[in-house]
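Have a look at query-v2.cif; it's mmCIF, C-alpha atoms:
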```cif
data_final
#
loop_
_atom_site.label_atom_id
_atom_site.label_comp_id
_atom_site.auth_asym_id
_atom_site.auth_seq_id
_atom_site.Cartn_x
_atom_site.Cartn_y
_atom_site.Cartn_z
CA MET U 799 -1.23 32.06 84.47
CA ARG U 800 1.44 31.17 86.99
CA VAL U 801 -0.83 28.43 89.05
CA ARG U 802 1.30 28.76 87.72
CA VAL U 803 0.21 27.62 84.22
CA ARG U 804 3.89 27.32 83.26
CA ALA U 805 5.19 25.91 86.55
CA THR U 806 2.28 23.55 87.03
CA VAL U 807 2.39 22.41 83.42
CA CYS U 808 6.09 21.54 83.76
CA VAL U 809 5.33 19.10 86.57
CA ALA U 810 2.21 17.78 84.88
CA VAL U 811 4.02 17.06 81.64
CA SER U 812 6.66 14.94 83.32
CA ALA U 813 3.90 12.90 84.94
CA SER U 814 2.00 12.57 81.68
CA VAL U 815 5.06 11.02 80.02
CA ALA U 816 4.86 8.20 82.55
CA LEU U 817 1.16 7.73 81.84
CA VAL U 818 1.72 7.46 78.11
CA ALA U 819 4.31 4.79 78.72
CA CYS U 820 1.61 2.53 80.16
CA GLY U 821 0.56 1.53 76.66
CA PRO U 822 0.44 2.96 73.13
CA GLU U 823 -2.83 4.19 71.67
CA LYS U 824 -4.23 2.40 68.68
CA GLU U 825 -2.83 4.09 65.60
CA LYS U 826 -5.40 5.99 63.57
CA GLU U 827 -5.46 5.68 59.80
CA TYR U 828 -5.16 9.00 58.01
CA THR U 829 -5.97 9.40 54.34
CA GLY U 830 -5.76 12.28 51.88
CA SER U 831 -7.85 13.24 48.88
CA LYS U 832 -7.27 11.76 45.42
CA PRO U 833 -9.12 14.15 43.09
CA SER U 834 -7.79 12.69 39.83
CA GLU U 835 -9.48 9.33 40.50
CA ALA U 836 -12.91 10.66 41.55
CA SER U 837 -16.24 10.62 39.75
CA ALA U 838 -18.46 13.70 39.95
CA THR U 839 -21.44 11.53 39.01
CA ALA U 840 -20.84 9.15 41.92
CA ALA U 841 -20.23 12.05 44.30
CA ALA U 842 -23.67 13.46 43.48
CA ARG U 843 -25.32 10.03 43.57
CA PHE U 844 -24.28 9.33 47.18
CA ALA U 845 -24.51 12.88 48.58
CA PRO U 846 -26.58 12.91 51.79
CA LEU U 847 -29.94 14.36 52.68
CA VAL U 848 -29.16 16.59 55.66
CA ARG U 849 -32.05 17.13 58.05
CA LEU U 850 -31.59 20.42 59.89
CA HIS U 851 -33.14 21.02 63.30
CA ASP U 852 -36.54 22.72 63.12
CA LYS U 853 -35.28 25.48 65.48
CA GLU U 854 -32.04 26.03 63.57
CA SER U 855 -31.33 29.71 62.83
CA LEU U 856 -27.70 29.34 61.69
CA MET U 857 -27.97 28.00 58.16
CA PRO U 858 -25.34 26.72 55.70
CA MET U 859 -23.60 29.12 53.33
CA ASP U 860 -21.53 29.25 50.16
CA ALA U 861 -17.92 29.31 51.40
CA THR U 862 -16.85 31.58 48.54
CA ARG U 863 -19.38 34.25 49.49
CA PHE U 864 -18.27 33.93 53.12
CA ILE U 865 -14.72 34.73 51.99
CA GLU U 866 -15.83 37.68 49.88
CA ARG U 867 -17.57 39.23 52.90
CA SER U 868 -14.59 38.65 55.22
CA VAL U 869 -11.30 40.36 55.99
CA LEU U 870 -8.07 38.34 55.87
CA ARG U 871 -5.87 38.85 58.93
CA TYR U 872 -2.72 37.33 60.40
CA ASP U 873 -2.63 36.01 63.97
CA HIS U 874 0.25 37.62 65.84
CA ASP U 875 1.98 35.99 68.79
CA GLY U 876 -0.90 33.72 69.74
CA GLY U 877 -3.49 36.49 69.66
CA PHE U 878 -1.81 38.69 72.29
CA CYS U 879 -0.83 41.51 69.93
CA ARG U 880 -2.94 44.14 68.24
CA ASP U 881 -3.78 43.39 64.63
CA GLU U 882 -1.79 45.08 61.94
CA PRO U 883 -3.78 46.37 58.97
CA PRO U 884 -5.60 43.45 57.26
CA VAL U 885 -3.64 41.36 54.81
CA ALA U 886 -6.60 41.82 52.46
CA ASP U 887 -9.90 43.71 52.61
CA PRO U 888 -11.87 42.64 50.67
CA VAL U 889 -10.56 39.13 50.05
CA GLU U 890 -10.21 37.61 46.60
CA PRO U 891 -10.98 33.85 47.02
CA ARG U 892 -8.72 32.81 44.15
CA LEU U 893 -5.67 34.38 45.81
CA LEU U 894 -6.18 32.36 49.01
CA GLY U 895 -5.21 29.19 47.17
CA ALA U 896 -2.57 30.71 44.89
CA GLY U 897 0.47 29.97 47.06
CA LYS U 898 3.40 32.33 46.47
CA ASP U 899 1.39 34.18 43.84
CA GLY U 900 -1.36 34.92 46.33
CA TYR U 901 -1.55 36.55 49.75
CA ARG U 902 1.63 36.42 51.83
CA HIS U 903 2.86 37.68 55.19
CA ALA U 904 6.25 37.88 56.88
CA GLU U 905 6.98 35.06 59.30
CA ILE U 906 6.90 36.01 62.98
CA GLU U 907 10.14 35.94 64.95
CA PRO U 908 9.39 35.60 68.69
CA GLY U 909 11.76 37.58 70.88
CA LYS U 910 12.53 40.13 68.19
CA PRO U 911 11.01 43.50 69.14
CA SER U 912 8.77 45.31 66.72
CA SER U 913 7.84 48.98 66.77
CA THR U 914 4.48 48.37 65.10
CA PRO U 915 2.45 47.20 66.89
CA VAL U 916 4.19 47.99 70.21
CA GLY U 917 5.15 44.96 72.27
CA CYS U 918 4.68 42.43 69.47
CA PRO U 919 7.39 40.24 67.95
CA GLY U 920 9.16 41.34 64.81
CA HIS U 921 9.18 39.72 61.39
CA ARG U 922 11.67 37.52 59.61
CA ASP U 923 12.52 38.08 55.98
CA LYS U 924 10.75 34.87 54.97
CA GLN U 925 7.25 35.34 53.55
CA LEU U 926 4.55 32.74 54.30
CA ALA U 927 1.70 32.00 51.88
CA THR U 928 -1.94 31.30 52.74
CA THR U 929 -1.38 27.74 51.54
CA ASP U 930 1.24 27.15 54.24
CA GLU U 931 -0.18 25.07 57.10
CA LYS U 932 2.24 26.66 59.56
CA ALA U 933 1.13 30.19 58.77
CA ARG U 934 -1.40 32.01 60.94
CA PHE U 935 -3.84 33.48 58.44
CA PHE U 936 -7.48 33.70 59.45
CA LEU U 937 -10.70 35.00 57.92
CA ASP U 938 -12.55 37.59 59.97
CA PRO U 939 -16.23 37.78 58.87
CA PRO U 940 -18.81 40.40 59.87
CA ASP U 941 -21.36 39.35 62.47
CA GLU U 942 -24.31 39.89 60.14
CA ILE U 943 -23.49 36.84 58.00
CA ARG U 944 -23.75 34.38 60.89
CA LYS U 945 -27.30 33.44 59.94
CA GLY U 946 -26.06 31.88 56.66
CA GLU U 947 -27.99 31.53 53.43
CA GLY U 948 -30.15 28.42 53.56
CA THR U 949 -30.47 24.96 52.07
CA GLY U 950 -29.51 26.13 48.58
CA ALA U 951 -25.90 26.36 49.74
CA PRO U 952 -23.36 24.05 48.09
CA VAL U 953 -21.76 20.95 49.61
CA TYR U 954 -18.10 20.22 48.89
CA TRP U 955 -16.71 16.74 48.27
CA GLU U 956 -13.39 14.96 48.00
CA TYR U 957 -12.42 11.37 47.18
CA HIS U 958 -10.33 9.05 49.39
CA LYS U 959 -8.84 5.58 48.88
CA HIS U 960 -8.11 2.98 51.53
CA LYS U 961 -4.38 2.58 52.12
CA THR U 962 -4.23 -1.22 51.73
CA ASP U 963 -7.58 -2.39 50.33
CA PRO U 964 -8.13 -1.18 46.72
CA ALA U 965 -11.78 -2.26 46.86
CA ARG U 966 -12.53 0.37 49.53
CA THR U 967 -13.02 4.03 48.63
CA ALA U 968 -15.00 6.93 50.05
CA TYR U 969 -16.53 10.29 49.21
CA VAL U 970 -16.15 12.91 51.95
CA TYR U 971 -18.83 15.62 52.07
CA TRP U 972 -17.98 18.94 53.70
CA PHE U 973 -20.75 21.20 55.02
CA PHE U 974 -20.00 24.88 55.69
CA TYR U 975 -21.84 27.13 58.13
CA PRO U 976 -20.68 30.69 58.95
CA TYR U 977 -21.19 30.27 62.69
CA ASN U 978 -21.27 27.59 65.39
CA ARG U 979 -23.26 28.25 68.55
CA LEU U 980 -23.59 25.50 71.11
CA SER U 981 -24.55 27.61 74.12
CA ALA U 982 -24.87 24.71 76.57
CA VAL U 983 -21.08 24.31 76.77
CA GLY U 984 -19.95 27.75 75.64
CA ASN U 985 -18.86 26.51 72.21
CA LYS U 986 -19.15 29.46 69.83
CA HIS U 987 -16.96 30.25 66.87
CA GLU U 988 -16.95 31.71 63.38
CA GLY U 989 -16.66 29.39 60.41
CA ASP U 990 -18.04 25.89 61.01
CA TRP U 991 -16.88 22.98 58.84
CA GLU U 992 -18.60 19.62 59.38
CA ARG U 993 -18.24 16.42 57.38
CA VAL U 994 -19.46 12.88 56.77
CA ALA U 995 -18.06 10.23 54.42
CA VAL U 996 -19.80 7.54 52.41
CA GLN U 997 -17.72 4.36 52.41
CA LEU U 998 -17.84 2.28 49.22
CA ARG U 999 -16.74 -1.27 48.48
CA ASP U 1000 -16.29 -2.06 44.81
CA GLY U 1001 -18.18 1.14 44.04
CA LYS U 1002 -21.22 0.26 46.14
CA PRO U 1003 -22.13 2.10 49.38
CA GLU U 1004 -21.80 0.08 52.58
CA ALA U 1005 -21.61 2.67 55.40
CA THR U 1006 -21.39 6.33 56.32
CA THR U 1007 -18.65 7.70 58.57
CA PHE U 1008 -19.51 10.40 61.11
CA ALA U 1009 -16.77 12.70 62.40
CA LYS U 1010 -17.34 13.19 66.12
CA HIS U 1011 -16.63 16.21 68.33
CA GLY U 1012 -14.12 15.16 70.94
CA GLY U 1013 -14.09 11.50 69.89
CA ASP U 1014 -13.04 9.05 67.22
CA PRO U 1015 -15.08 8.75 64.00
CA CYS U 1016 -17.70 6.02 63.84
CA ARG U 1017 -19.76 4.44 61.08
CA THR U 1018 -23.36 3.41 60.49
CA LYS U 1019 -24.43 0.76 58.01
CA TRP U 1020 -25.87 2.12 54.78
CA SER U 1021 -29.16 0.29 55.25
CA ASP U 1022 -29.68 1.95 58.67
CA LEU U 1023 -29.63 5.48 57.24
CA ASN U 1024 -32.96 5.33 55.37
CA PRO U 1025 -31.33 5.82 51.97
CA SER U 1026 -33.78 7.48 49.57
CA ASP U 1027 -32.91 7.28 45.87
CA GLY U 1028 -29.35 6.47 46.91
CA HIS U 1029 -28.97 9.34 49.38
CA PRO U 1030 -28.41 8.58 53.09
CA THR U 1031 -30.18 10.70 55.71
CA VAL U 1032 -28.01 12.46 58.30
CA TYR U 1033 -29.17 14.78 61.08
CA SER U 1034 -27.57 18.15 61.81
CA ALA U 1035 -27.48 19.12 65.51
CA LEU U 1036 -28.94 22.44 66.64
CA GLY U 1037 -26.33 25.20 66.77
CA SER U 1038 -23.25 22.96 66.52
CA HIS U 1039 -24.26 21.37 63.18
CA ALA U 1040 -22.56 18.11 64.16
CA SER U 1041 -23.83 15.22 62.00
CA TYR U 1042 -25.54 12.16 63.47
CA PRO U 1043 -27.15 9.01 62.05
CA THR U 1044 -30.32 9.47 64.16
CA ALA U 1045 -32.47 12.22 65.57
CA GLY U 1046 -32.56 12.68 69.34
CA VAL U 1047 -30.19 13.78 72.09
CA HIS U 1048 -26.50 13.02 71.63
CA GLY U 1049 -24.64 14.29 74.69
CA VAL U 1050 -25.02 18.08 74.52
CA ASP U 1051 -26.22 17.93 70.90
CA ARG U 1052 -29.84 17.70 69.78
CA ALA U 1053 -31.03 16.58 66.35
CA SER U 1054 -34.60 16.62 65.06
CA LYS U 1055 -36.67 14.96 62.35
CA LYS U 1056 -38.83 18.04 61.86
CA GLY U 1057 -36.45 20.55 60.27
CA SER U 1058 -35.71 21.63 56.72
CA GLU U 1059 -34.26 19.22 54.18
CA TRP U 1060 -30.90 20.08 52.67
CA ARG U 1061 -30.79 18.11 49.42
CA THR U 1062 -27.05 18.37 49.02
CA TRP U 1063 -26.85 16.57 45.67
CA GLU U 1064 -28.60 19.53 44.04
CA ASN U 1065 -25.50 21.69 44.56
CA VAL U 1066 -22.47 19.47 45.10
CA ARG U 1067 -19.00 20.69 44.16
CA PRO U 1068 -15.49 19.14 44.18
CA VAL U 1069 -13.27 20.91 46.70
CA ASP U 1070 -10.30 21.04 44.33
CA ARG U 1071 -12.29 23.11 41.82
CA GLU U 1072 -13.21 25.86 44.27
CA PRO U 1073 -11.38 29.19 43.79
CA TRP U 1074 -10.08 29.04 47.38
CA SER U 1075 -8.85 25.44 47.12
CA GLY U 1076 -5.44 25.28 48.76
CA TYR U 1077 -6.16 27.78 51.53
CA ALA U 1078 -4.79 26.21 54.72
CA GLY U 1079 -5.64 28.98 57.19
CA TRP U 1080 -8.45 29.31 59.71
CA TRP U 1081 -12.05 30.18 58.82
CA GLY U 1082 -12.69 32.48 61.77
CA ALA U 1083 -11.04 34.56 64.46
CA GLN U 1084 -8.51 32.99 66.84
CA PRO U 1085 -9.06 34.16 70.43
CA HIS U 1086 -7.11 31.06 71.57
CA VAL U 1087 -9.86 29.98 73.89
CA LYS U 1088 -11.17 26.43 73.81
CA GLY U 1089 -14.39 26.26 71.79
CA HIS U 1090 -14.03 29.77 70.36
CA ASN U 1091 -11.42 29.38 67.61
CA GLY U 1092 -12.41 29.37 63.96
CA PRO U 1093 -11.41 25.96 62.48
CA ARG U 1094 -9.46 24.95 59.41
CA GLY U 1095 -11.39 23.57 56.46
CA PRO U 1096 -10.49 21.20 53.61
CA TYR U 1097 -7.22 21.75 51.77
CA PRO U 1098 -5.11 19.49 49.50
CA LYS U 1099 -2.52 18.32 52.05
CA ARG U 1100 -4.96 17.78 54.90
CA LEU U 1101 -5.15 14.18 56.11
CA LEU U 1102 -8.41 13.03 57.71
CA PRO U 1103 -8.57 10.35 60.44
CA GLY U 1104 -10.84 7.34 60.43
CA ILE U 1105 -12.60 7.75 57.08
CA PHE U 1106 -12.64 3.95 56.75
CA THR U 1107 -13.35 3.18 60.40
CA ASP U 1108 -15.21 0.00 61.31
CA LYS U 1109 -16.22 1.33 64.73
CA PRO U 1110 -20.05 1.37 64.92
CA CYS U 1111 -21.95 4.47 66.00
CA GLY U 1112 -24.33 4.07 68.94
CA SER U 1113 -27.94 5.15 68.85
CA ALA U 1114 -29.16 8.42 70.32
CA ASP U 1115 -28.55 8.72 74.04
CA LYS U 1116 -32.22 9.38 74.65
CA PRO U 1117 -35.47 9.10 72.69
CA PRO U 1118 -35.93 11.86 70.08
CA ALA U 1119 -36.66 15.13 71.83
CA ASP U 1120 -36.52 18.82 71.15
CA PRO U 1121 -34.69 21.17 73.50
CA PRO U 1122 -36.89 22.75 76.14
CA ALA U 1123 -36.21 26.23 74.80
CA ASP U 1124 -34.41 28.05 72.05
CA PRO U 1125 -30.73 28.72 72.69
CA PRO U 1126 -30.10 32.26 73.85
CA ALA U 1127 -29.63 34.77 71.06
CA GLU U 1128 -26.29 36.47 70.68
CA GLN U 1129 -26.12 39.41 73.06
CA PRO U 1130 -24.23 42.60 72.16
CA VAL U 1131 -23.63 43.26 75.85
CA PRO U 1132 -20.65 41.27 77.24
CA ASP U 1133 -21.43 38.51 79.75
CA SER U 1134 -18.63 39.72 82.01
CA PRO U 1135 -18.21 43.50 82.50
CA LYS U 1136 -14.90 45.00 81.48
CA THR U 1137 -14.17 46.00 85.07
CA LYS U 1138 -11.94 44.95 87.92
CA ASP U 1139 -14.90 43.25 89.58
CA GLY U 1140 -15.56 41.33 86.36
CA ALA U 1141 -11.96 40.08 86.27
CA ILE U 1142 -12.12 39.01 89.91
CA LYS U 1143 -15.43 37.20 89.43
CA ARG U 1144 -14.04 35.31 86.46
CA TYR U 1145 -10.87 34.32 88.35
CA GLU U 1146 -12.93 33.08 91.28
CA GLU U 1147 -14.87 30.95 88.78
CA PHE U 1148 -11.55 29.49 87.66
CA LEU U 1149 -10.42 28.73 91.22
CA HIS U 1150 -13.73 27.04 92.04
CA ALA U 1151 -13.42 24.94 88.86
CA VAL U 1152 -9.92 23.80 89.87
CA GLY U 1153 -11.30 22.76 93.24
CA ARG U 1154 -14.11 20.78 91.58
CA GLU U 1155 -11.76 19.29 88.98
CA ASP U 1156 -14.00 20.81 86.30
CA ILE U 1157 -11.58 20.48 83.38
CA ASP U 1158 -13.88 22.10 80.80
CA THR U 1159 -14.25 25.33 82.79
CA VAL U 1160 -10.58 25.38 83.79
CA CYS U 1161 -9.41 25.06 80.18
CA GLU U 1162 -11.93 27.61 78.95
CA VAL U 1163 -10.90 30.32 81.43
CA ALA U 1164 -7.17 29.52 81.22
CA GLY U 1165 -7.25 28.97 77.47
CA PRO U 1166 -4.84 31.73 76.33
CA ALA U 1167 -2.25 30.96 79.04
CA ALA U 1168 -2.54 27.22 78.45
CA LYS U 1169 -2.06 27.79 74.72
CA GLN U 1170 1.14 29.71 75.43
CA ALA U 1171 2.41 26.80 77.51
CA GLU U 1172 1.46 24.29 74.82
CA ASP U 1173 3.30 26.35 72.18
CA GLN U 1174 6.38 26.11 74.41
CA GLY U 1175 6.29 22.32 74.25
CA PHE U 1176 3.97 21.34 77.09
CA GLY U 1177 0.91 19.19 76.59
CA PRO U 1178 -2.64 20.39 75.92
CA CYS U 1179 -4.60 21.86 78.82
CA GLU U 1180 -6.93 18.84 79.08
CA SER U 1181 -3.95 16.55 79.76
CA THR U 1182 -1.79 18.71 81.98
CA PHE U 1183 -4.51 19.92 84.34
CA VAL U 1184 -5.89 16.42 84.91
CA ILE U 1185 -2.49 15.53 86.30
CA THR U 1186 -2.38 18.80 88.22
CA PHE U 1187 -5.64 17.91 89.96
CA GLN U 1188 -4.01 14.76 91.30
CA MET U 1189 -1.20 16.81 92.83
CA ILE U 1190 -3.42 19.14 94.89
CA PRO U 1191 -4.22 17.81 98.41
CA PRO U 1192 -7.95 17.12 99.01
CA GLU U 1193 -8.25 19.77 101.74
CA LYS U 1194 -6.84 22.45 99.43
CA LYS U 1195 -9.09 21.43 96.56
CA LYS U 1196 -12.05 21.78 98.90
CA ALA U 1197 -10.83 25.22 99.97
CA LEU U 1198 -10.57 26.38 96.36
CA GLN U 1199 -14.25 25.56 95.80
CA THR U 1200 -15.27 28.56 97.93
CA ALA U 1201 -12.19 30.77 97.56
CA THR U 1202 -12.61 34.50 96.98
CA VAL U 1203 -10.29 37.31 95.92
CA ASP U 1204 -9.57 40.47 97.94
CA PRO U 1205 -9.98 43.41 95.51
CA GLY U 1206 -7.40 45.37 97.52
CA GLY U 1207 -4.69 42.91 96.56
CA VAL U 1208 -5.36 43.07 92.82
CA ALA U 1209 -3.06 45.27 90.70
CA GLU U 1210 -4.28 47.06 87.55
CA LEU U 1211 -1.71 46.64 84.78
CA ALA U 1212 -3.94 48.23 82.13
CA PRO U 1213 -7.67 48.97 81.74
CA ASP U 1214 -8.09 45.47 80.30
CA LYS U 1215 -5.49 43.62 82.38
CA PHE U 1216 -5.24 42.84 86.12
CA GLU U 1217 -2.69 40.83 88.09
CA ILE U 1218 -4.03 38.64 90.91
CA PRO U 1219 -1.30 37.37 93.30
CA ALA U 1220 -1.64 34.39 95.60
CA ALA U 1221 -1.74 36.77 98.59
CA ALA U 1222 -5.07 38.15 97.33
CA VAL U 1223 -6.78 34.73 97.45
CA ARG U 1224 -8.95 34.25 100.54
CA ALA U 1225 -9.74 30.65 101.50
CA SER U 1226 -10.08 28.38 104.53
CA VAL U 1227 -6.41 27.48 104.08
CA THR U 1228 -3.51 29.66 103.00
CA PHE U 1229 -2.05 29.31 99.51
CA SER U 1230 1.55 30.31 98.91
CA GLU U 1231 3.02 31.93 95.81
CA SER U 1232 4.80 28.66 95.00
CA GLU U 1233 1.49 26.79 95.01
CA ILE U 1234 -0.78 28.95 92.86
CA GLY U 1235 1.49 31.83 91.90
CA SER U 1236 0.05 34.98 90.41
CA SER U 1237 -2.28 35.17 87.43
CA THR U 1238 -2.89 37.90 84.88
CA MET U 1239 -6.48 38.33 83.73
CA GLY U 1240 -6.93 39.84 80.26
CA TYR U 1241 -10.09 40.99 78.52
CA LEU U 1242 -10.43 39.24 75.14
CA LYS U 1243 -13.49 38.82 72.91
CA ASP U 1244 -15.91 40.31 75.45
CA GLU U 1245 -14.76 38.06 78.32
CA TRP U 1246 -12.01 37.76 80.94
CA TYR U 1247 -9.38 35.02 80.57
CA VAL U 1248 -6.16 33.97 82.28
CA VAL U 1249 -3.54 35.20 79.82
CA ASP U 1250 -0.38 34.69 81.86
#
```
As structure tokens, please, write out the structure in this file.
Amino acid sequence: MRVRVRATVCVAVSASVALVACGPEKEKEYTGSKPSEASATAAARFAPLVRLHDKESLMPMDATRFIERSVLRYDHDGGFCRDEPPVADPVEPRLLGAGKDGYRHAEIEPGKPSSTPVGCPGHRDKQLATTDEKARFFLDPPDEIRKGEGTGAPVYWEYHKHKTDPARTAYVYWFFYPYNRLSAVGNKHEGDWERVAVQLRDGKPEATTFAKHGGDPCRTKWSDLNPSDGHPTVYSALGSHASYPTAGVHGVDRASKKGSEWRTWENVRPVDREPWSGYAGWWGAQPHVKGHNGPRGPYPKRLLPGIFTDKPCGSADKPPADPPADPPAEQPVPDSPKTKDGAIKRYEEFLHAVGREDIDTVCEVAGPAAKQAEDQGFGPCESTFVITFQMIPPEKKKALQTATVDPGGVAELAPDKFEIPAAAVRASVTFSESEIGSSTMGYLKDEWYVVD
């Protein structure tokens, strides 16, 4: 987008540098796994009881079987190029973690033309392995496995040591679900890895660390987690599967006391013994839209933040409550029609969000273009657009809240791509090309997004 996502981001980044200079953030402690010093017996002894929501329909799954049902692909040029034939179909889990002896793909060389597929960058001679963190491998599963398998699925653990205090150690427990669906905020993606960690002091449990979506990890005292036979109770939120120390409403997440019990200690496995151990790619497709990208899972070189945090977790935001209704089921029909009118409607939604300073909507709609800008060295969308909001005069922000687009001024570049110039925007004030530029709307993953 040329709101120009590139031009606006340039200005916003220079301002963000000044903001950062106001004071450094508190440094987070990152730790890595130490498998040779772990105890399988202790890992099983402290594994949590996970209480799923009683309305949960997306259950946990064996990660190996997820791999065996998936296709391995390579993400080309930030998702803007057609896929080449799969790197592997079907996928052999053992080869994912085999480094140079496993699956490999030529490194992408931006700016070098390629004849196949047309318009995509060419390839360097260097081959990247699936164990390379800089590579762009991703697993592409079929939709029918999103429901998972159930509470017989395994849990995967790894062992961490505190950097300076030898008395402090921790077991990290990874939970895998084939799909994340948090409809309230449009957060949907394939492959869902969640985790908690049990902190030990001199081998005895003292707290459990909860990894938070969009925030720093926090911890809850061991005695506050209703430990039963040595197993702490954690609550899995509906759809998102985020872990919490209590039932109830946590922001947009909801956890319940009424759901199925996942007795994880009955099938607990060390990560480093899994056939796919070492795979550093993504566990789901990469549309490059906030909230829709498949995440990375555990791998040997991955460092985790805040395992030994002393920051306490708060209680539920509200008394325990169930959601008023089930989340909407996945619909095969796209929310936004693949038409010119659909592209215009989506762009108007973006303009209105800019006027309201609605950063979540702005970064969702402009996700692909913002990702391009970030790859070129600019900051993440959430940072750059907050600064951009401050640069737009109040009267123009108000005008954007009700702005519309004249269909006659929109140019069709392709059946799934339309260019919307500033001249096509109709508002109570006039916007010049230098102010909002022109934007290209592209149809990706059953929805329209700003792609340039």
Which stretch 1207-1247 of chain U residues have any atom within 12 Å of an atom of stretch 1090-1110 of chain U, and for each, what is the nearest pair of atoms with distance in Å to one decimal, counting only C-alpha atoms, rows sorted by chain and number, as a tab-separated table?
```
residue	atom	partner	partner_atom	distance
U:Leu1242	CA	U:His1090	CA	11.2
U:Lys1243	CA	U:His1090	CA	9.4
U:Asp1244	CA	U:His1090	CA	11.9
U:Glu1245	CA	U:His1090	CA	11.5
```
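Atom CA of U:Lys1195 to atom CA of U:Ala1168 spans 20.1 Å [interatomic distance, one decimal].
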Selected residue, from U:Pro940, U:Pro1068, U:Gly1057, U:Gly897, that lies nearest to U:Ser831 when counting all atoms listed in the file: U:Pro1068
Sorted per-residue table, stretch 821-882 of chain U near stretch 984-999 of chain U, closest atoms and distance, 9 Å, all atoms listed in the file, as a Markdown table:
```
| residue | atom | partner | partner_atom | distance |
| --- | --- | --- | --- | --- |
| U:Phe844 | CA | U:Val996 | CA | 7.1 |
| U:Ala845 | CA | U:Val996 | CA | 8.1 |
| U:Pro846 | CA | U:Val996 | CA | 8.7 |
| U:Phe864 | CA | U:Gly989 | CA | 8.7 |
```
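The gap separating atom CA of U:Glu1217 from atom CA of U:Ile1157 is 22.7 Å, in Å to one decimal.
The nearest approach to U:Phe973 among the residues U:Arg849, U:His1039, U:Arg922, U:Lys945, with only C-alpha atoms taken into account, belongs to U:His1039.
For the pair atom CA of U:Pro976 and atom CA of U:Lys1055, the separation is 22.7 Å.
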Report as a ChimeraX atom specification the full result of the PyMOL selection byres ((chain U and resi 1139) around 12) when it is applied to this structure. /U:1134-1138,1140-1146,1202-1206,1208,1210,1214-1216,1218,1239,1246
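Closest approach to U:Pro1015 among U:His1048, U:Lys826, U:Arg871, U:Lys1088 is made by U:Lys826 (distances from only C-alpha atoms).
Of the residues listed (U:Met857, U:Ala1045, U:Ala968, U:Val1087), U:Ala968 shows the shortest atom-to-atom separation from U:Glu835; distances use all atoms listed in the file.
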Choose the residue, out of U:Ile906, U:Ala886, U:Leu894, U:Ile1234, that has the smallest atom-to-atom separation from U:Gln925; count all atoms listed in the file. U:Ile906
Could you name the residues that touch U:Thr1159 at 9 Å or less, counting only C-alpha atoms, but leaving out those on the same chain fewer than 6 positions away, as a PyMOL selection string? chain U and resi 1147-1148+1151-1152
Given the PyMOL selection byres ((chain U and resi 853) around 8), the residues it picks as a short mmCIF file (atom, residue, chain, number, x, y, z; two decimals) with C-alpha atoms, in the frame of the given file:
```cif
data_model
loop_
_atom_site.label_atom_id
_atom_site.label_comp_id
_atom_site.auth_asym_id
_atom_site.auth_seq_id
_atom_site.Cartn_x
_atom_site.Cartn_y
_atom_site.Cartn_z
CA HIS U 851 -33.14 21.02 63.30
CA ASP U 852 -36.54 22.72 63.12
CA GLU U 854 -32.04 26.03 63.57
CA SER U 855 -31.33 29.71 62.83
CA LEU U 1036 -28.94 22.44 66.64
CA GLY U 1057 -36.45 20.55 60.27
CA ASP U 1124 -34.41 28.05 72.05
#
```
For U:Tyr1077, please output as a PyMOL selection string all residues within 12 Å (counting all atoms listed in the file; exclusion window: fewer than 2 positions along the same chain). chain U and resi 861-862+865+870+890-898+900-902+927-937+1069-1070+1072-1075+1079-1081+1094-1100
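Between U:His958 and the residues U:Thr829, U:Gln1170, U:Thr839, U:Ser1034, the shortest atom-to-atom distance, using all atoms listed in the file, involves U:Thr829.
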Go through the shown structure with the PyMOL selection byres ((chain U and resi 1190) around 12) and write out the matching residues as a short mmCIF file (atom, residue, chain, number, x, y, z; two decimals) with C-alpha atoms, keeping the file's coordinate frame.
```cif
data_model
loop_
_atom_site.label_atom_id
_atom_site.label_comp_id
_atom_site.auth_asym_id
_atom_site.auth_seq_id
_atom_site.Cartn_x
_atom_site.Cartn_y
_atom_site.Cartn_z
CA VAL U 801 -0.83 28.43 89.05
CA THR U 806 2.28 23.55 87.03
CA ALA U 810 2.21 17.78 84.88
CA VAL U 1152 -9.92 23.80 89.87
CA GLY U 1153 -11.30 22.76 93.24
CA ARG U 1154 -14.11 20.78 91.58
CA GLU U 1155 -11.76 19.29 88.98
CA PHE U 1183 -4.51 19.92 84.34
CA VAL U 1184 -5.89 16.42 84.91
CA ILE U 1185 -2.49 15.53 86.30
CA THR U 1186 -2.38 18.80 88.22
CA PHE U 1187 -5.64 17.91 89.96
CA GLN U 1188 -4.01 14.76 91.30
CA MET U 1189 -1.20 16.81 92.83
CA PRO U 1191 -4.22 17.81 98.41
CA PRO U 1192 -7.95 17.12 99.01
CA GLU U 1193 -8.25 19.77 101.74
CA LYS U 1194 -6.84 22.45 99.43
CA LYS U 1195 -9.09 21.43 96.56
CA LYS U 1196 -12.05 21.78 98.90
CA ALA U 1197 -10.83 25.22 99.97
CA LEU U 1198 -10.57 26.38 96.36
CA PHE U 1229 -2.05 29.31 99.51
CA GLU U 1233 1.49 26.79 95.01
CA ILE U 1234 -0.78 28.95 92.86
#
```
